[in-house]
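Some notes on the structure that comes next.
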Amino acid sequence: MNSKNSLKKHPKVLIIGAGIAGVGAAGKLFKQGFTDVQIVEASSQPGGRIRGCLFGKSMVDEGAQYIHGASMKNPIFQLAKEHGLLQQTYNSSTEWSVLTNTQKQLNPDFTEEMRNLASSILRRARLLAQEKGYTQAKSLADVYLEEVKVLLIQWSGDHVDLRRQKLGMLNMSLKLQCIHLATNGLGDVSVHEYEEYKNIEGNDWLFPSLLQKLLEVIPKKKLLLEKSVKQILWNGSFESEDGSLHPVRVVCEDGDQILADHAIVTISLGCLKANSQSVFQPRLPEQHLHAIQNMGFGTMNKIYLEYEALFWDENIDQIGLVWEDETPLSGQKPNLVEWWRRVPIVYVVRPTESGTLSESTSNTASAFRFKGKMMLQVLFAGEATHRSYHSTTHGALLSGWREADRLIVHYSTK
């Protein structure tokens with residue numbers, strides 16, 4: 001931020017939500033010389049979906065758990081290195097064991113071949129749809145199922161048990177992809193938009209939370225907890241006690257009102273969907289309401305089990321579960337009685353003393369902000385607003401930095 005311009009005006013910036021997007025935005029603004037930055041958070045602690053809890057003898061992660069892409073291209077990994085946390089991390093290596101419902105342990109080479117086959121279909125889904133003329137293919141499921149039908153013909157000479165295991169592995173991979181995309185089924189994921197999601201090179205790593213390190217640059221008085229927001233009034237002219245005027249007024253559930261020149265909204269997409277019509281006054285422009293209502297997101301549930309002794313090989317990190325009586329063609333039908341059939345994998349989590357990072361919940365994303373007269377009054381951040389890294393912690397952090405950069409550039413060029 002240009003020091004000369006910063007002397008002319010100290011803009012009031014209010015950040016709604018103390019997840020990693022909000023904390024990241026605030027930290028960047030403070031580092032660039034902004035002094036009047038306030039965060040309000042509805043819950044009793046910062047972190048958003050980066051949250052751990054005591055389970056048995058260990059701390060487990062209720063939400064974000066991994067760095068997806070442990071390399072210097074990942075800003076979360078970079079920060080972990082800067083703060084000396086890498087020595088506390090461990091690589092979640094991919095030592096697999098795949099078991100079937102008939103109590104068989106499948107050959108590792110066979111399972112690797114089938115997983116690579118499934119990954120290849122999904123990775124090349126759009127190209128396959130174009131090359132093979134799947135003109136009706138609109139979702140990942142459409143392409144995946146068409147390819148399974150082709151494979152079934154190729155496998156017609158296989159022994160029935162082998163064919164069942166192949167189809168079971170393809171079905172397990174389908175379920176696993178649903179977890180990665182936080183969707184009930186690949187039929188909900190557009191084959192055309194799927195390629196927008198970008199993977200960062202590197203394995204998934206677990207490590208202690210960076211949140212406290214990020215909070216160190218934010219004065220404690222600038223983070224208000226248990227401060228739920230009721231309404232965001234924008235495009236106004238609200239007078240403060242010193243007579244200055246501000247375009248944004250945020251009304252909290254406890255009756256407090258906070259004036260600001262800019263509000264960075266980092267609340268979750270689900271909360272936005274449920275409340276966007278009532279929270280913002282005046283209503284958001286139609287294109288923004290349309291974006292909020294049409295962005296998809298899903299839910300990923302975690303089930304933790306604690307065992308006193310191992311019943312698996314000590315070097316195993318992941319246990320795949322294959323049902324030989326299921327195929328991708330049988331469909332992922334809701335079955336609350338046998339809910340465990342929807343569980344494709346068990347991750348082995350070693351005891352740890354503190355929480356960890358990464359993941360989330362949305363399937364598609366689109367960044368949006370106001371333009372023209374209303375530009376920069378209300379900005380949106382959070383993993384769902386990152387087009388390429390939605391559903392990740394690094395996507396959330398980058399979205400917070402992105403909105404902070406908009407303000408930094410705005411005041412450095414005025």
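Letters A, B, ... go to the chains of the structure tokens in the order shown; residues in each chain start at 1; ligands are counted from 1 in the same order.
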Residues of region 228-351 of chain A in strand (DSSP E or B) according to DSSP, as a ChimeraX atom specification? /A:229-233,238-239,245-246,248-252,257-260,262-265,280-281,297,318-322,345-347
File of the preceding selection, N, CA and C atoms, as a compact mmCIF listing (two decimals), in the first residue's frame:
```txt
# COMPACT_ATOMS: atom_id res chain seq x y z
N VAL A 229 -23.99 -12.00 12.46
CA VAL A 229 -24.51 -10.91 11.63
C VAL A 229 -25.95 -11.20 11.22
N LYS A 230 -26.79 -10.17 11.37
CA LYS A 230 -28.20 -10.29 11.02
C LYS A 230 -28.49 -9.69 9.65
N GLN A 231 -27.87 -8.55 9.36
CA GLN A 231 -28.18 -7.86 8.11
C GLN A 231 -26.99 -7.04 7.63
N ILE A 232 -26.83 -6.96 6.30
CA ILE A 232 -25.78 -6.16 5.69
C ILE A 232 -26.46 -5.12 4.80
N LEU A 233 -26.39 -3.87 5.22
CA LEU A 233 -26.96 -2.77 4.43
C LEU A 233 -25.81 -2.12 3.65
N PHE A 238 -24.09 6.15 5.61
CA PHE A 238 -24.32 6.04 7.04
C PHE A 238 -23.28 6.86 7.81
N GLU A 239 -23.77 7.69 8.72
CA GLU A 239 -22.89 8.61 9.43
C GLU A 239 -22.41 8.00 10.74
N LEU A 245 -18.86 9.51 6.68
CA LEU A 245 -19.90 8.72 6.04
C LEU A 245 -19.32 7.43 5.48
N HIS A 246 -20.12 6.37 5.56
CA HIS A 246 -19.69 5.05 5.10
C HIS A 246 -20.84 4.39 4.33
N VAL A 248 -21.52 1.14 3.99
CA VAL A 248 -21.96 -0.16 4.49
C VAL A 248 -22.26 -0.08 5.98
N ARG A 249 -23.39 -0.69 6.38
CA ARG A 249 -23.70 -0.83 7.80
C ARG A 249 -24.09 -2.28 8.05
N VAL A 250 -23.41 -2.91 8.98
CA VAL A 250 -23.68 -4.30 9.34
C VAL A 250 -24.37 -4.35 10.69
N VAL A 251 -25.54 -4.97 10.72
CA VAL A 251 -26.33 -5.09 11.94
C VAL A 251 -26.12 -6.48 12.51
N CYS A 252 -25.70 -6.55 13.77
CA CYS A 252 -25.45 -7.83 14.41
C CYS A 252 -26.68 -8.30 15.18
N GLN A 257 -24.22 -2.23 15.72
CA GLN A 257 -24.13 -1.86 14.32
C GLN A 257 -22.71 -1.40 14.03
N ILE A 258 -22.15 -1.91 12.94
CA ILE A 258 -20.78 -1.60 12.57
C ILE A 258 -20.78 -0.97 11.19
N LEU A 259 -20.19 0.23 11.09
CA LEU A 259 -20.10 0.92 9.80
C LEU A 259 -18.77 0.57 9.13
N ALA A 260 -18.80 0.53 7.81
CA ALA A 260 -17.58 0.17 7.08
C ALA A 260 -17.62 0.77 5.68
N HIS A 262 -15.93 -1.05 3.35
CA HIS A 262 -15.90 -2.30 2.59
C HIS A 262 -16.23 -3.46 3.52
N ALA A 263 -17.00 -4.42 3.03
CA ALA A 263 -17.28 -5.64 3.79
C ALA A 263 -16.84 -6.83 2.94
N ILE A 264 -15.99 -7.67 3.51
CA ILE A 264 -15.59 -8.91 2.84
C ILE A 264 -16.39 -10.04 3.49
N VAL A 265 -17.27 -10.63 2.72
CA VAL A 265 -18.17 -11.67 3.23
C VAL A 265 -17.56 -13.03 2.94
N PHE A 280 -29.01 -9.17 2.74
CA PHE A 280 -28.52 -7.99 2.04
C PHE A 280 -29.65 -7.02 1.72
N GLN A 281 -29.45 -5.77 2.12
CA GLN A 281 -30.40 -4.71 1.82
C GLN A 281 -29.64 -3.51 1.25
N PHE A 297 -22.99 -27.37 -4.18
CA PHE A 297 -22.12 -27.84 -3.10
C PHE A 297 -22.76 -29.07 -2.46
N GLN A 318 -4.50 -46.66 3.97
CA GLN A 318 -5.86 -46.58 3.46
C GLN A 318 -6.39 -47.98 3.18
N ILE A 319 -7.64 -48.21 3.56
CA ILE A 319 -8.28 -49.51 3.33
C ILE A 319 -9.50 -49.30 2.45
N GLY A 320 -9.42 -49.81 1.22
CA GLY A 320 -10.53 -49.69 0.30
C GLY A 320 -11.55 -50.79 0.54
N LEU A 321 -12.82 -50.49 0.34
CA LEU A 321 -13.91 -51.44 0.57
C LEU A 321 -14.66 -51.67 -0.73
N VAL A 322 -14.64 -52.89 -1.21
CA VAL A 322 -15.28 -53.26 -2.47
C VAL A 322 -16.43 -54.23 -2.22
N ILE A 345 -13.87 -46.10 1.54
CA ILE A 345 -12.49 -46.13 2.00
C ILE A 345 -12.41 -45.77 3.48
N VAL A 346 -11.44 -46.37 4.15
CA VAL A 346 -11.14 -46.04 5.54
C VAL A 346 -9.71 -45.52 5.58
N TYR A 347 -9.54 -44.29 6.11
CA TYR A 347 -8.21 -43.71 6.26
C TYR A 347 -7.69 -44.04 7.65
```
Using only C-alpha atoms, find each residue in region 78-183 of chain A having at least one atom no more than 9 Å away from region 391-406 of chain A; report its shortest atom-to-atom pair and that distance in Å (one decimal), rows by chain then rising number, as CSV.
```
residue,atom,partner,partner_atom,distance
A:His180,CA,A:Ser391,CA,8.5
A:Leu181,CA,A:Ser391,CA,7.6
A:Ala182,CA,A:Ser391,CA,8.3
```
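The space separating CA of Pro219 (chain A) from CA of Ser43 (chain A) comes to 18.3 Å.
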Gly48 (chain A) proximity check over A:Glu338, A:Ile267, A:Leu284, A:His192, using only C-alpha atoms: winner is A:Ile267
Leaving out Gly185 (chain A) and any residue of its chain fewer than 5 positions from it, which residues lie within 9 Å of it when counting only C-alpha atoms, given as a PyMOL selection string? chain A and resi 141+174-175+177-178+331-332
Which of region 103-264 of chain A DSSP labels helix (DSSP H, G or I), written as a PyMOL selection string: chain A and resi 108-123+125-131+140-154+160-181+186-188+194-196+211-215+220-222
Among listed residues A:Val191, A:Ile408, A:Met295, A:Val337, nearest Ala384 (chain A) (using only C-alpha atoms):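 Among A:Val191, A:Ile408, A:Met295, A:Val337, it is A:Met295 that comes nearest to Ala384 (chain A).
What separates CA of Asp36 (chain A) from CA of Gln212 (chain A) is a distance of 20.9 Å.
Those residues that approach Pro247 (chain A) to within 6 Å, counting only C-alpha atoms, are Trp234, Asn235, Gly236, Ser237 and Asp261 of chain A; same-chain residues fewer than 5 positions away are not listed.
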If we count only C-alpha atoms and set the cut-off at 12 Å, which residues sit around Phe110 (chain A), ignoring sequence neighbours fewer than 2 positions away in its own chain? Please answer as JSON, numbers by chain. {"A": [96, 97, 98, 105, 106, 107, 108, 112, 113, 114, 115, 116, 117, 162, 165, 166, 169, 170]}
Out of A:Leu289, A:Ala26, A:Glu147, A:Pro11, which residue has the shortest atom-to-atom distance to Ala118 (chain A) when counting only C-alpha atoms? A:Glu147
Using only C-alpha atoms: which of A:Val143, A:Ala129, A:Leu210, A:Ile39 has the shortest distance to Leu85 (chain A):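 Comparing A:Val143, A:Ala129, A:Leu210, A:Ile39 against Leu85 (chain A), the winner is A:Leu210.
Minimum distance to Asn203 (chain A) across A:Ala309, A:Ile67, A:Met72, A:Leu127 (counting only C-alpha atoms) occurs at A:Ile67.
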Nearest to Ile179 (chain A), chosen from A:Met300, A:Ala70, A:Leu407, A:Ala21, with only C-alpha atoms counted in the distances: A:Met300
